[in-house]
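S.K.: Got a structure here, written out as structure tokens. Questions coming.
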Amino acid sequence: MSNLEDTAFEERLTFSTFGCDPFKADPRTPDREDADVTIRLEGAEGMDLRAPDGRKIKVWSFENKSVPDGQRRLTYPSAPIRVRQGQIVHTRLSTSKGPHTVHHHGIEPSTANDGVGHVSFEVGDSYTYQWQPSSPGTFFYHCHRNTVLHFELGMFGLLIVDPPSGPGSIYEGGPTYDVEQAWVADDMDPRFHAISNHDAGLCGLDVGLNRFEPKYFLLSGVFNNRTMTDSRTMVSAKLGQRILIRLLNASYSILRVALGCDAEWVACDGRNMGQDPWCDTVPIPAGTPFELTTAQRYDLILSPPARGTYPVRMEFRHWITGEIQDRGAGVVQTKVVVS
Amino acid sequence: MKRRTFMQIGAAGGAAAAIGMKTASGIARSSDTEFALTISPANTELIDGTWVYTLSYFLGSSRPSPEIRVTEGEEISITVTNKDTQTHGFAIPGIASATIPAIEPGATAHVVFKAPWAGSFLYVDPYKEPLNRILGLHGAFIVEAEEGKTPYGSETPFSGPKQTPQVQALFDALGGGDPRFPGDQWRRNDLRRDKLWLFSQTDPALNARVAAGEMVDPAKVKANFVPRYFTINGLSGYDTAIHEGSHSDDDDDDWDDDDNPAGRIMPSGKEGEPCLIRTMNAGLANHSVHIHGNHCFILSGVDSEYRNECALYCFERDVWQLSPMQRTDVLLPFKRPPDIPLSAWPPKDEPFPLRYVMHCHFELSQTAGGGNYPQGAVTHWEMTAPL
């Protein structure tokens with residue numbers, strides 16, 4: 001049996017427990033099953049990034065404790081999670097620097113395993129989230145405490161669910177790929193990163209978390225002065241290879257994307273297209289811009305017909321004015337090179 | 001901090017007494033074809049206790065921003081009386097014949113039009129667009145289908161001639177033997193299966209300028225708009241959902257569950273009881289609507305002239321973009337949350353209802369007054385029992 005004392009299952013939800021003082025508990029996982037895969041995360045761990053202008057930017061990350069000591073390093077974004085469809089997965093979170101949660105975004109487990117404090121609980125010490133992904137695709141995970149701050153500061157990472165046979169196709173019997181690249185678009189407002197209080201604003205203080213003025217723009221953790229050449233962002237393929245792009249907008253901007261080659265949009269938000277009569281796949285001709293609002297994912301297959309360099313441009317646009325952020329500087333460029 | 005409870009109507013001059021928002025959700029039913037609205041200023045208390053000057057359309061004496069529901073093809077008559085000291089108007093983008101461009105202070109104007117094909121619309125004040133709209137002069141205008149059936153007889157919110165094959169295929173799959181959608185089909189004429197999420201935002205500094213009598217240039221509103229409050233059907237955070245057992249002994253609550261306006265927001269039902277959610281954005285900020293627990297199917301949007309159109313791609317999404325003046329109907333399938341281990345369903349240790357949040361993922365919208373996470377554009381839905 002699980003003990004759900006001090007959680008939303010046993011306690012009354014009030015104005016206070018909704019926001020300022022959410023439930024904090026460390027229950028045993030309800031309806032616990034044996035796991036096929038266990039992932040151990042610890043958060044938050046702090047680290048500094050060096051921005052192109054020399055400025056030090058503090059970020060918070062989840063550390064992947066499943067990786068042995070010595071080989072482990074903190075990354076921004078946090079360590080990716082990769083599992084297979086049908087596996088029973090346990091994500092064991094241990095916390096440091098106050099309560100946190102793990103919400104596996106797009107994964108739909110029970111309420112206790114969904115990581116939202118006011119309808120379940122935040123994790124005071126440790127908790128094991130249980131889920132069994134039913135659909136392959138591109139997801140992510142993030143902390144859902146004071147999310148406006150914790151997500152921006154880096155407590156998120158990519159989450160990929162492969163079909164049971166593993167990488168190489170987007171679903172069992174579905175479109176195949178030879179080369180894979182994840183593009184995680186992100187923007188940073190240094191004012192947010194100067195906040196050291198994890199609970200800032202929670203109990204009513206005006207800490208300006210409704211305003212966001214990003215000055216730095218990144219793709220997959222790479223600042224935009226290096227995205228044309230870094231192996232984490234540019235794509236290298238041989239002629240005839242099929243390229244899978246997993247695109248996530250993890251910024252607080254509208255991301256407008258244009259690719260220099262044709263693409264086929266084969267999955268969105270971790271759900272395959274082209275399998276049901278109500279949603280076919282969508283061809284996206286070269287140069288046609290498309291938009292991702294924050295937290296959306298597009299899976300795209302590229303199969304360029306000729307050798308060459310195909311440019312990729314992503315504009316970060318303001319959620320109200322629609323203008324490119326930072327007076328036009330909010331752009332990330334990279335490329336797909338076919339040899 | 002106090003909870004939002006009161007609105008003072010006609011309070012520009014400070015005369016009116018505060019009244020409780022016992023609005024019975026403000027729904028004008030679809031059997032009505034004549035509606036009398038009044039434009040009036042009001043002082044409204046926001047989720048953190050801040051009061052702001054607002055403008056609203058009222059139905060009767062105390063129902064702000066009523067949800068107006070009609071049936072397609074009917075002749076609809078709307079009368080609008082302007083009790084403000086400034087000129088206002090009335091329009092339903094996508095229904096050109098429903099426009100009253102200007103109503104002088106103290107005047108009453110009238111418009112008669114035929115309700116178009118079924119769909120979700122917004123009514124707004126087109127005068128000094130978007131200024132008056134963002135001060136609160138907006139609401140939902142819902143056109144219900146006369147029949148709404150697919151060729152196979154499945155009920156939908158859309159009229160046959162306007163349905164796309166994709167929307168038809170999806171509604172036919174519900175409760176129709178597809179193992180992914182066990183349970184019931186979607187049912188019309190049942191508000192438990194038909195919810196409304198009307199998003200907007202408030203920048204109190206703008207409201208204060210208007211309250212002080214300043215003539216604000218509407219062309220400069222968007223560029224200077226810094227919202228501090230984010231609402232769904234006029235409510236924020238804690239107030240957007242019904243909290244079981246939290247009413248009897250909470251002094252701040254002045255409504256019971258039956259007339260709680262949060263009931264129009266929060267979907268509640270059993271596994272296999274699919275629910276339509278009409279999402280729309282009367283504000284100036286984009287929203288990135290993210291739902292937990294189930295992905296939703298995109299059913300409709302608007303064309304370049306704001307007319308309703310059914311989807312050619314019913315994307316199954318956990319996030320959809322809701323840009324200003326956009327209206328998107330989605331279907332929340334009420335499936336078994338698909339990533340609960342099959343061997344752990346139905347749960348034994350974990351009690352029903354299972355509750356899942358919906359929030360805007362532009363997390364800035366989860367704040368109130370610059371902090372107070374998550375007292376912004378958030379609510380939740382609940383699954384009360386398995387099949």
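Residues in the structure tokens are named by chain (A, B, ... in the order shown) and by number from 1 within that chain; ligands are numbered from 1 in the order shown.
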Just the residues within 9 Å of Ala295 of chain A, please, counting only C-alpha atoms, with nothing from its chain fewer than 5 positions along; format it as a PyMOL selection string.

M.R.: (chain A and resi 105+140+248-252+269) or (chain B and resi 288+290+318-319+361-362)

S.K.: Pull out every residue of chain B sitting within 7 Å of chain A, counting only C-alpha atoms, and send them as number ranges by chain.

M.R.: B: 166-167, 169-170, 222-223, 228, 238, 243, 246, 284-286, 288, 292-294, 313-319, 321, 337-341, 344, 347-350, 354-356, 361-365, 367, 369-375

S.K.: Convert the current residue selection to file output with C-alpha atoms, as a compact mmCIF listing (two decimals), in the first residue's frame.

M.R.:
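Wrote selection.txt, looks like this:
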```
# COMPACT_ATOMS: atom_id res chain seq x y z
CA GLN B 166 -11.28 13.97 -41.04
CA VAL B 167 -13.67 15.30 -38.39
CA ALA B 169 -13.79 9.88 -39.20
CA LEU B 170 -12.76 10.93 -35.72
CA LYS B 222 -0.26 46.16 -28.25
CA ALA B 223 3.31 47.44 -28.27
CA ARG B 228 0.07 40.88 -15.13
CA TYR B 238 -7.56 28.50 -7.92
CA HIS B 243 -12.68 22.05 -5.39
CA SER B 246 -13.68 23.17 -0.08
CA LEU B 284 -3.33 40.30 -27.05
CA ALA B 285 -0.87 37.58 -26.02
CA ASN B 286 -0.53 34.22 -27.68
CA SER B 288 0.29 27.79 -25.73
CA HIS B 292 -1.99 16.78 -19.12
CA GLY B 293 -3.58 13.33 -18.90
CA ASN B 294 -4.86 13.05 -22.48
CA TYR B 313 -5.82 17.57 -40.04
CA CYS B 314 -7.17 16.53 -36.64
CA PHE B 315 -3.74 16.64 -35.00
CA GLU B 316 -3.52 14.79 -31.70
CA ARG B 317 -1.70 17.37 -29.59
CA ASP B 318 -0.77 18.09 -26.02
CA VAL B 319 -0.06 21.74 -26.92
CA GLN B 321 -1.30 27.62 -30.22
CA PRO B 337 -4.51 8.02 -19.44
CA PRO B 338 -2.48 5.96 -21.89
CA ASP B 339 0.83 5.80 -20.04
CA ILE B 340 -0.47 4.31 -16.79
CA PRO B 341 0.93 0.75 -16.83
CA ALA B 344 -2.02 -1.04 -12.94
CA PRO B 347 -5.53 1.91 -10.04
CA LYS B 348 -6.12 0.38 -6.63
CA ASP B 349 -3.93 2.48 -4.33
CA GLU B 350 -4.52 5.76 -6.08
CA LEU B 354 -7.66 11.42 -11.37
CA ARG B 355 -6.94 15.12 -11.84
CA TYR B 356 -4.88 16.64 -14.65
CA HIS B 361 3.11 26.82 -21.44
CA PHE B 362 4.20 30.41 -21.99
CA GLU B 363 4.73 30.10 -18.25
CA LEU B 364 4.69 33.88 -17.84
CA SER B 365 0.91 33.46 -18.03
CA THR B 367 1.66 34.28 -12.70
CA GLY B 369 0.92 40.29 -10.16
CA GLY B 370 4.44 39.22 -11.15
CA GLY B 371 4.57 36.07 -8.96
CA ASN B 372 2.00 33.78 -7.35
CA TYR B 373 2.66 30.78 -9.60
CA PRO B 374 0.25 29.13 -10.70
CA GLN B 375 -2.57 31.64 -10.17
```

S.K.: Between atom CA of Thr288 of chain A and atom CA of Val235 of chain A, what is the distance, to one decimal in Å?

M.R.: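 Going from atom CA of Thr288 of chain A over to atom CA of Val235 of chain A covers 19.4 Å.
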
S.K.: Find the spatial neighbours of Met234 of chain A, counting only C-alpha atoms, within a cut-off of 12 Å - ignore same-chain residues fewer than 5 positions away - and output them as a ChimeraX atom specification.

M.R.: /A:179-183,219-220,222,224,226-229,243,245,309-313,332-338

S.K.: Would you return as a PDB file with N, CA and C atoms, in the first residue's frame the members of segment 69-160 of chain A that DSSP assigns to alpha helix (DSSP H) on this structure's backbone?

M.R.:
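Output file selection-v7.pdb is given in full below:
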```pdb
ATOM      1  N   THR A 147       7.077  26.634 -12.009  1.00  0.00           N
ATOM      2  CA  THR A 147       7.567  26.224 -13.333  1.00  0.00           C
ATOM      3  C   THR A 147       8.082  27.386 -14.162  1.00  0.00           C
ATOM      4  N   VAL A 148       7.434  28.522 -14.031  1.00  0.00           N
ATOM      5  CA  VAL A 148       7.854  29.694 -14.809  1.00  0.00           C
ATOM      6  C   VAL A 148       9.344  29.944 -14.613  1.00  0.00           C
ATOM      7  N   LEU A 149       9.842  29.658 -13.411  1.00  0.00           N
ATOM      8  CA  LEU A 149      11.258  29.873 -13.103  1.00  0.00           C
ATOM      9  C   LEU A 149      12.086  28.593 -13.314  1.00  0.00           C
ATOM     10  N   HIS A 150      11.630  27.474 -12.753  1.00  0.00           N
ATOM     11  CA  HIS A 150      12.455  26.249 -12.779  1.00  0.00           C
ATOM     12  C   HIS A 150      12.673  25.736 -14.205  1.00  0.00           C
TER      13      HIS A 150
END
```

S.K.: Identify, on the basis of only C-alpha atoms, every residue whose closest approach to segment 303-312 of chain B does not exceed 12 Å; exclude the query and any residue fewer than 3 positions from it along the same chain; express the result as a PyMOL selection string.

M.R.: (chain A and resi 277-282) or (chain B and resi 91-96+116-123+141-143+156-170+278+280+297-300+315-316+324-330)

S.K.: Which residue is closest to Leu198 of chain B? Choose from B:Gly73, B:Pro64, B:Gly234, B:Pro267 and count only C-alpha atoms.

M.R.: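 Smallest distance to Leu198 of chain B is found for B:Gly234.
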
S.K.: So that I can check the surroundings of Glu271 of chain B, please list as an MDAnalysis selection string every protein, DNA and RNA residue that reaches within 10 Å of it, counting only C-alpha atoms and ignoring chain neighbours fewer than 3 positions away.

M.R.: chainID B and resid 181:184 268 274 333:337 382:387

S.K.: Using only C-alpha atoms, determine which residues lie at most 6 Å from Glu63 of chain A, disregarding the query and same-chain residues fewer than 6 positions distant; provide the list as a list in words.

M.R.: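 The residues satisfying every condition are Leu41, Glu42 and Leu74 of chain A.
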
S.K.: Tell me which of B:Leu191, B:Tyr127, B:Asn82, B:Arg133 sits closest to Ser30 of chain B, counting only C-alpha atoms.

M.R.: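 Among the listed residues, B:Leu191 lies closest to Ser30 of chain B.
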